[in-house]
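For reference, start35.txt is printed below; it contains compact mmCIF, C-alpha atoms.
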```txt
# COMPACT_ATOMS: atom_id res chain seq x y z
CA MET I 1 -37.70 100.64 30.06
CA THR I 2 -37.61 101.43 33.73
CA CYS I 3 -34.79 100.88 36.13
CA ASN I 4 -34.13 101.44 39.79
CA VAL I 5 -31.98 104.37 40.86
CA ILE I 6 -30.48 104.59 44.31
CA LEU I 7 -30.61 108.27 45.23
CA THR I 8 -28.69 109.46 48.30
CA PRO I 9 -28.51 113.05 49.60
CA GLN I 10 -24.98 113.83 50.86
CA ASN I 11 -23.57 117.16 52.10
CA GLY I 12 -26.16 119.17 50.23
CA ARG I 13 -25.65 117.25 47.01
CA PHE I 14 -27.36 114.22 45.51
CA LEU I 15 -25.61 111.01 44.51
CA ALA I 16 -27.30 108.51 42.22
CA TYR I 17 -26.42 105.17 40.76
CA ILE I 18 -28.36 102.55 38.86
CA ALA I 19 -29.09 99.46 40.92
CA GLY I 20 -27.19 96.59 39.34
CA LEU I 21 -24.90 98.97 37.41
CA PRO I 22 -22.63 100.49 40.05
CA ASP I 23 -20.38 102.09 37.43
CA CYS I 24 -23.27 104.16 36.16
CA LYS I 25 -23.35 106.99 38.67
CA ALA I 26 -23.83 110.73 38.83
CA GLN I 27 -23.92 113.57 41.30
CA ALA I 28 -25.47 117.04 41.21
CA ASP I 29 -26.76 119.76 43.49
CA SER I 30 -30.42 118.92 42.99
CA ARG I 31 -32.58 115.84 42.78
CA ASP I 32 -33.92 116.73 39.34
CA LYS I 33 -30.46 117.41 37.93
CA VAL I 34 -28.98 114.17 39.22
CA LEU I 35 -31.89 112.17 37.78
CA ALA I 36 -31.45 113.85 34.39
CA LEU I 37 -27.71 113.14 34.50
CA ILE I 38 -28.09 109.49 35.45
CA GLN I 39 -30.70 109.01 32.74
CA ALA I 40 -28.36 110.49 30.12
CA ARG I 41 -25.48 108.34 31.36
CA LEU I 42 -27.58 105.18 31.21
CA LYS I 43 -28.63 105.99 27.65
CA GLU I 44 -24.96 106.43 26.67
CA ILE I 45 -24.04 103.06 28.16
CA ILE I 46 -26.92 101.23 26.51
CA LYS I 47 -26.24 102.90 23.16
CA ARG I 48 -22.73 101.41 22.99
CA SER I 49 -23.44 98.12 24.76
CA GLU I 50 -25.67 95.10 24.58
CA ILE I 51 -27.50 93.40 27.40
CA VAL I 52 -26.89 89.68 27.38
CA LYS I 53 -29.04 87.38 29.43
CA LEU I 54 -26.77 84.80 31.00
CA ARG I 55 -28.70 81.73 31.99
CA ILE I 56 -27.27 80.23 35.15
CA SER I 57 -30.16 78.01 36.15
CA HIS I 58 -31.39 75.35 33.80
CA PHE I 59 -35.08 74.65 33.79
CA GLY I 60 -35.97 71.08 34.58
CA GLN I 61 -32.98 70.26 36.77
CA LYS I 62 -34.23 68.75 39.95
CA SER I 63 -31.30 70.05 41.94
CA GLU I 64 -32.20 73.63 41.15
CA LYS I 65 -35.75 74.91 41.27
CA LEU I 66 -36.72 77.23 38.43
CA GLU I 67 -35.75 80.61 39.65
CA PRO I 68 -34.58 82.75 36.76
CA THR I 69 -31.74 85.14 37.33
CA GLU I 70 -34.04 88.17 37.20
CA LYS I 71 -36.10 86.69 39.98
CA ARG I 72 -33.10 85.96 42.18
CA ASN I 73 -31.36 89.25 41.77
CA GLY I 74 -34.42 91.22 40.80
CA PRO I 75 -36.05 94.25 42.24
CA ALA I 76 -37.86 92.48 45.07
CA LYS I 77 -34.94 93.14 47.45
CA ILE I 78 -34.06 96.48 45.94
CA ALA I 79 -37.63 97.74 46.20
CA LYS I 80 -37.37 97.77 49.98
CA LEU I 81 -34.48 100.23 49.99
CA PRO I 82 -35.23 103.87 50.89
CA ASN I 83 -34.86 106.73 48.43
CA LEU I 84 -35.60 104.52 45.50
CA VAL I 85 -36.91 106.18 42.38
CA ARG I 86 -37.60 104.94 38.90
CA VAL I 87 -36.35 106.72 35.84
CA ASP I 88 -38.06 106.18 32.52
CA ALA I 89 -35.46 105.88 29.82
CA PRO I 90 -37.10 105.28 26.46
CA ILE I 91 -34.58 103.51 24.30
CA ALA I 92 -35.08 102.45 20.71
CA ALA I 93 -32.52 99.84 19.72
CA ASP I 94 -33.61 97.88 16.67
CA ASP I 95 -37.21 98.35 17.77
CA LYS I 96 -36.55 96.34 20.91
CA THR I 97 -37.43 97.55 24.35
CA VAL I 98 -34.86 96.45 26.88
CA HIS I 99 -36.45 95.36 30.11
CA LEU I 100 -34.20 95.37 33.13
CA GLU I 101 -37.26 94.65 35.23
CA THR I 102 -39.05 91.61 33.92
CA PRO I 103 -42.34 89.96 34.89
CA TRP I 104 -40.51 86.90 36.29
CA GLU I 105 -41.33 87.67 39.89
CA TYR I 106 -45.02 87.50 38.95
CA ALA I 107 -44.80 83.90 37.72
CA GLY I 108 -47.09 81.88 39.98
CA ILE I 109 -48.30 84.95 41.87
CA PHE I 110 -51.95 83.84 41.66
CA LYS I 111 -51.23 80.14 42.15
CA ASN I 112 -53.27 80.05 45.36
CA ASP I 113 -55.93 82.49 44.22
CA PRO I 114 -59.25 80.58 44.08
CA THR I 115 -60.83 83.38 42.01
CA LEU I 116 -58.30 83.21 39.14
CA TRP I 117 -59.88 80.50 37.02
CA PRO I 118 -63.53 81.44 37.72
CA MET I 119 -62.55 84.93 36.54
CA MET I 120 -60.93 83.48 33.40
CA GLU I 121 -64.06 81.42 32.72
CA GLU I 122 -66.13 84.59 32.94
CA ILE I 123 -63.72 86.37 30.57
CA GLU I 124 -64.10 83.49 28.09
CA ARG I 125 -67.91 83.59 28.46
CA GLN I 126 -67.91 87.31 27.73
CA ARG I 127 -65.71 86.74 24.68
CA ASP I 128 -68.07 83.97 23.52
CA ARG I 129 -71.01 86.36 23.75
CA GLN I 130 -69.54 88.93 21.36
CA ILE I 131 -69.74 87.09 18.07
CA VAL I 132 -69.38 88.24 14.47
CA TYR I 133 -71.49 86.31 11.97
CA PRO I 134 -70.89 86.00 8.21
CA LYS I 135 -72.99 88.59 6.39
CA LYS I 136 -75.24 86.05 4.67
CA LYS I 137 -75.84 84.14 7.84
CA LYS I 138 -76.88 86.91 10.20
CA ARG I 139 -78.46 85.73 13.38
CA LYS I 140 -82.27 86.06 13.33
CA LYS I 141 -83.68 88.27 16.02
CA MET A 1 -43.35 89.60 18.90
CA TYR A 2 -45.33 86.97 20.73
CA LEU A 3 -48.76 88.38 21.58
CA TRP A 4 -50.26 86.66 24.61
CA ASP A 5 -53.94 85.87 24.68
CA THR A 6 -55.60 86.61 28.05
CA HIS A 7 -55.61 83.08 29.47
CA ILE A 8 -51.86 82.75 28.77
CA VAL A 9 -51.28 85.50 31.35
CA ALA A 10 -53.44 83.52 33.79
CA HIS A 11 -51.35 80.40 33.17
CA PHE A 12 -48.19 82.45 33.77
CA THR A 13 -49.52 83.59 37.15
CA ASP A 14 -50.43 79.96 37.87
CA ASN A 15 -46.88 78.71 37.12
CA HIS A 16 -47.78 76.52 34.15
CA PRO A 17 -44.59 74.44 33.65
CA ILE A 18 -44.71 74.16 29.84
CA LEU A 19 -45.46 77.86 29.44
CA LEU A 20 -42.52 78.78 31.71
CA ARG A 21 -40.20 76.65 29.58
CA HIS A 22 -41.30 78.55 26.47
CA VAL A 23 -40.76 81.83 28.28
CA GLU A 24 -37.23 80.73 29.21
CA ASN A 25 -36.49 80.22 25.51
CA VAL A 26 -37.29 83.76 24.40
CA GLU A 27 -36.33 87.23 25.53
CA TRP A 28 -38.86 89.31 27.43
CA HIS A 29 -38.81 92.06 24.83
CA GLU A 30 -40.17 89.52 22.34
CA ILE A 31 -43.32 89.04 24.45
CA ALA A 32 -46.14 91.60 24.57
CA LEU A 33 -49.66 91.88 25.87
CA PRO A 34 -51.97 93.14 23.11
CA SER A 35 -54.44 95.78 24.30
CA PRO A 36 -57.50 93.46 24.15
CA THR A 37 -55.73 91.12 26.61
CA VAL A 38 -55.02 94.03 28.95
CA ALA A 39 -58.64 95.20 28.68
CA GLU A 40 -60.00 91.76 29.56
CA LEU A 41 -57.68 91.29 32.54
CA VAL A 42 -58.55 94.69 33.98
CA ARG A 43 -62.26 94.15 33.35
CA GLY A 44 -62.17 90.68 34.92
CA ARG A 45 -60.43 91.81 38.10
CA GLY A 46 -62.34 95.10 38.09
CA GLU A 47 -65.75 93.45 38.05
CA PHE A 48 -64.78 91.20 40.94
CA ALA A 49 -63.53 94.23 42.88
CA LEU A 50 -66.66 96.29 42.22
CA LYS A 51 -69.07 93.50 43.12
CA ALA A 52 -67.18 92.10 46.13
CA THR A 53 -68.91 91.51 49.44
CA PRO A 54 -67.52 93.28 52.56
CA GLU A 55 -65.84 89.99 53.50
CA ARG A 56 -63.92 89.80 50.21
CA VAL A 57 -63.59 93.42 49.17
CA VAL A 58 -60.02 93.87 50.48
CA GLU A 59 -58.79 90.72 48.75
CA ALA A 60 -60.59 91.65 45.52
CA HIS A 61 -59.03 95.11 45.35
CA GLN A 62 -55.58 93.73 46.19
CA LEU A 63 -55.92 91.28 43.32
CA LEU A 64 -56.88 94.13 40.98
CA TRP A 65 -53.84 96.11 42.12
CA GLN A 66 -51.49 93.13 41.74
CA THR A 67 -52.87 92.51 38.26
CA GLN A 68 -52.16 96.13 37.33
CA GLN A 69 -48.57 95.75 38.59
CA LEU A 70 -48.20 92.52 36.63
CA ILE A 71 -49.47 94.14 33.42
CA ALA A 72 -47.08 97.06 33.90
CA ARG A 73 -44.11 94.67 33.87
CA PHE A 74 -44.97 93.43 30.39
CA ARG A 75 -44.35 95.15 27.13
CA GLN A 76 -47.77 96.21 25.87
CA LEU A 77 -48.88 96.54 22.29
CA LEU A 78 -51.57 99.08 21.55
CA ILE A 79 -53.85 98.57 18.61
CA ASP A 80 -52.80 101.06 15.90
CA ASP A 81 -54.23 102.45 12.65
CA GLU A 82 -52.77 99.66 10.54
CA SER A 83 -54.26 97.01 12.85
CA ALA A 84 -57.62 98.81 12.74
CA LYS A 85 -57.57 98.66 8.91
CA VAL A 86 -56.83 94.93 8.97
CA PHE A 87 -59.51 94.44 11.64
CA LYS A 88 -62.07 96.16 9.43
CA LYS A 89 -61.06 93.98 6.50
CA LEU A 90 -61.34 90.80 8.59
CA LEU A 91 -64.80 91.84 9.80
CA SER A 92 -66.01 92.44 6.25
CA ARG A 93 -64.76 89.07 5.03
CA VAL A 94 -65.76 86.83 7.90
CA GLN A 95 -66.61 83.36 6.55
CA SER A 96 -67.76 81.62 9.71
CA LYS A 97 -68.83 82.91 13.07
CA LYS A 98 -65.97 84.45 14.98
CA ARG A 99 -65.38 86.00 18.36
CA TYR A 100 -64.90 89.77 18.15
CA ALA A 101 -61.87 89.95 20.50
CA ASP A 102 -60.14 87.06 18.70
CA MET A 103 -60.45 88.99 15.45
CA MET A 104 -59.02 92.09 17.09
CA ILE A 105 -55.94 90.21 18.34
CA ALA A 106 -55.54 88.42 14.98
CA ALA A 107 -55.68 91.77 13.18
CA MET A 108 -52.87 93.11 15.39
CA ALA A 109 -50.77 90.03 14.62
CA LEU A 110 -51.39 90.32 10.86
CA ALA A 111 -50.70 94.05 10.76
CA GLY A 112 -47.44 93.81 12.70
CA ASN A 113 -46.35 90.32 11.60
CA HIS A 114 -46.56 89.03 15.16
CA VAL A 115 -47.30 85.54 16.56
CA VAL A 116 -50.38 84.90 18.70
CA VAL A 117 -49.80 82.69 21.74
CA THR A 118 -53.04 80.98 22.75
CA ARG A 119 -54.48 77.70 23.87
CA ASN A 120 -57.60 78.36 21.80
CA THR A 121 -55.89 77.81 18.46
CA LYS A 122 -59.10 76.58 16.81
CA HIS A 123 -60.56 80.09 17.13
CA PHE A 124 -57.66 81.55 15.16
CA THR A 125 -56.88 78.88 12.57
CA ASP A 126 -58.66 80.53 9.65
CA LEU A 127 -57.65 84.02 10.73
CA LEU A 128 -53.88 83.53 10.86
CA PRO A 129 -51.31 81.56 8.85
CA PRO A 130 -49.88 78.58 10.79
CA GLY A 131 -46.57 80.38 11.39
CA GLN A 132 -48.34 83.13 13.31
CA LEU A 133 -50.13 80.91 15.80
CA VAL A 134 -48.61 78.90 18.66
CA ASN A 135 -49.89 77.00 21.69
CA TRP A 136 -47.44 77.38 24.58
CA ILE A 137 -49.63 75.38 26.96
CA ASP A 138 -50.15 72.01 25.28
CA THR A 139 -47.05 71.95 23.07
CA PRO A 140 -43.72 71.76 24.93
CA PRO A 141 -40.73 73.54 23.42
CA ARG A 142 -38.37 71.44 21.28
```
Here is a file; write its structure as structure tokens.
Amino acid sequence: MTCNVILTPQNGRFLAYIAGLPDCKAQADSRDKVLALIQARLKEIIKRSEIVKLRISHFGQKSEKLEPTEKRNGPAKIAKLPNLVRVDAPIAADDKTVHLETPWEYAGIFKNDPTLWPMMEEIERQRDRQIVYPKKKKRKK
Amino acid sequence: MYLWDTHIVAHFTDNHPILLRHVENVEWHEIALPSPTVAELVRGRGEFALKATPERVVEAHQLLWQTQQLIARFRQLLIDDESAKVFKKLLSRVQSKKRYADMMIAAMALAGNHVVVTRNTKHFTDLLPPGQLVNWIDTPPR
């Protein structure tokens, strides 16, 4: 899992909070310390909480174009902020990896790429070329 | 987990409406790219980047970079020892001609009790039980 941390130097100290989780914050006298603190705090929160995906948009409604919540509020805007760092916080909860950042913003990213499907055809051709034959029916050279 | 075959990723980047509806119905942590899918995507974009003409070289390398960013957003499933054992078993018992990469992905699904998401279901039908094979392109969600 990765998440965005807003890191701000202030009066010789460092303040950090998790983007989207303003209550999860920390401060310390060095960058490394504040990142370690915020990581530990995030782990504590996730350990005793669950992340519920609340669907606001409904796919198929003409009045509202498909734009999942992650895409609307997602890291595209956040990524432009200065002093943004990512903290890796490996979390094992019932063998599930919690993704705060999802691939949603990549849906349709190659829609206008004329090379996408020729590339996929080539990938399929390459897969077709690597064939396993039954032992008794080996291909004659 | 739902293991995406390579062309499913391409459909996702092409906004396939039925696929997006399926994606809406599951959680992202239930979807993973198996390592053969990652290898094919990187190879596909990589070959284009390495062979590009001066006119297209910038575009080709940007596409490779974007593909790497896209892959990084997904959960990825690496082939493990258990999958390798199943893969070996499948190779030794092959009854009709099969594609090597299909067998690799099928072995990962069998070893970890995952579901393969593909449009090429005919290539997997005698490798996987019906419950471990779905087509999220031609079959809309219920």
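Excluding range 3-6 of chain A itself and any same-chain residue fewer than 5 positions from it, the protein and nucleic acid residues within 7 Å of it, counting all atoms listed in the file, are Ile31, Ala32, Leu33, Pro34, Thr37, Glu40, Leu41, His114, Val115, Val116, Val117 and Thr118 of chain A.
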With C-alpha atoms kept, could you save the residues just selected as a PDB file, keeping the file's coordinate frame?
```pdb
ATOM      1  CA  ILE A  31     -43.320  89.040  24.450  1.00  0.00           C
ATOM      2  CA  ALA A  32     -46.140  91.600  24.570  1.00  0.00           C
ATOM      3  CA  LEU A  33     -49.660  91.880  25.870  1.00  0.00           C
ATOM      4  CA  PRO A  34     -51.970  93.140  23.110  1.00  0.00           C
ATOM      5  CA  THR A  37     -55.730  91.120  26.610  1.00  0.00           C
ATOM      6  CA  GLU A  40     -60.000  91.760  29.560  1.00  0.00           C
ATOM      7  CA  LEU A  41     -57.680  91.290  32.540  1.00  0.00           C
ATOM      8  CA  HIS A 114     -46.560  89.030  15.160  1.00  0.00           C
ATOM      9  CA  VAL A 115     -47.300  85.540  16.560  1.00  0.00           C
ATOM     10  CA  VAL A 116     -50.380  84.900  18.700  1.00  0.00           C
ATOM     11  CA  VAL A 117     -49.800  82.690  21.740  1.00  0.00           C
ATOM     12  CA  THR A 118     -53.040  80.980  22.750  1.00  0.00           C
TER      13      THR A 118
END
```
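The space between CA of Ala84 in chain A and CA of Asp128 in chain I spans 21.1 Å.
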Just to confirm, what's the straight-line distance from CA of Ser83 in chain A to CA of Glu24 in chain A in Å (one decimal)? 28.7 Å
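Remark: for Leu42 in chain I, the closest of the candidate residues I:Ala28, I:Leu21, I:Glu122, I:Arg13 is I:Leu21 (distances computed over only C-alpha atoms).
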With a cut-off of 7 Å and counting only C-alpha atoms, select all residues of chain A in contact with chain I and give the selection as a PyMOL selection string. chain A and resi 7+12-15+21+28-29+40+44+70+73-74+94-101
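If only C-alpha atoms are the atoms counted, then among A:Leu50, A:Ala107, A:Val58, A:Ile18 the closest residue to Leu128 in chain A is A:Ala107.
Separating CA of Gln39 in chain I from CA of Thr8 in chain I is a distance of 15.7 Å.
The environment of Pro141 in chain A within 12 Å, counting only C-alpha atoms and disregarding residues fewer than 3 places along the same chain, consists of Phe59 of chain I; Pro17, Ile18, Leu19, Leu20, Arg21, His22, Val23, Glu24, Asn25, Val26, Val134, Asn135, Trp136, Ile137 and Asp138 of chain A.
Closest approach to Ala106 in chain A from the set A:Leu91, A:Leu77, A:Leu64, A:Leu127 is made by A:Leu127, with distances taken over all atoms listed in the file.
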Identify, on the basis of only C-alpha atoms, every residue whose closest approach to Lys25 in chain I does not exceed 8 Å; exclude the query and any residue fewer than 5 positions from it along the same chain; express the result as a PyMOL selection string. chain I and resi 15-18+38+41
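The closest residue to His123 in chain A, picked from A:Arg142, A:Ala10, A:Ala109, A:Asp102 and counting only C-alpha atoms, is A:Asp102.
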Write out as a PyMOL selection string the residues lying within 9 Å of Glu82 in chain A, counting only C-alpha atoms and excluding same-chain residues fewer than 5 positions away. chain A and resi 87+107-108+111-112
Expected file contents, prior selection, C-alpha atoms, as a PDB file, in the frame of the given file:
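Contents of the output file part_13.pdb:
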```pdb
ATOM      1  CA  PHE A  87     -59.510  94.440  11.640  1.00  0.00           C
ATOM      2  CA  ALA A 107     -55.680  91.770  13.180  1.00  0.00           C
ATOM      3  CA  MET A 108     -52.870  93.110  15.390  1.00  0.00           C
ATOM      4  CA  ALA A 111     -50.700  94.050  10.760  1.00  0.00           C
ATOM      5  CA  GLY A 112     -47.440  93.810  12.700  1.00  0.00           C
TER       6      GLY A 112
END
```
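With only C-alpha atoms as the atoms that count, the residue of A:Glu47, A:Phe124, A:Arg75, A:Asn113 with the shortest distance to Leu63 in chain A is A:Glu47.
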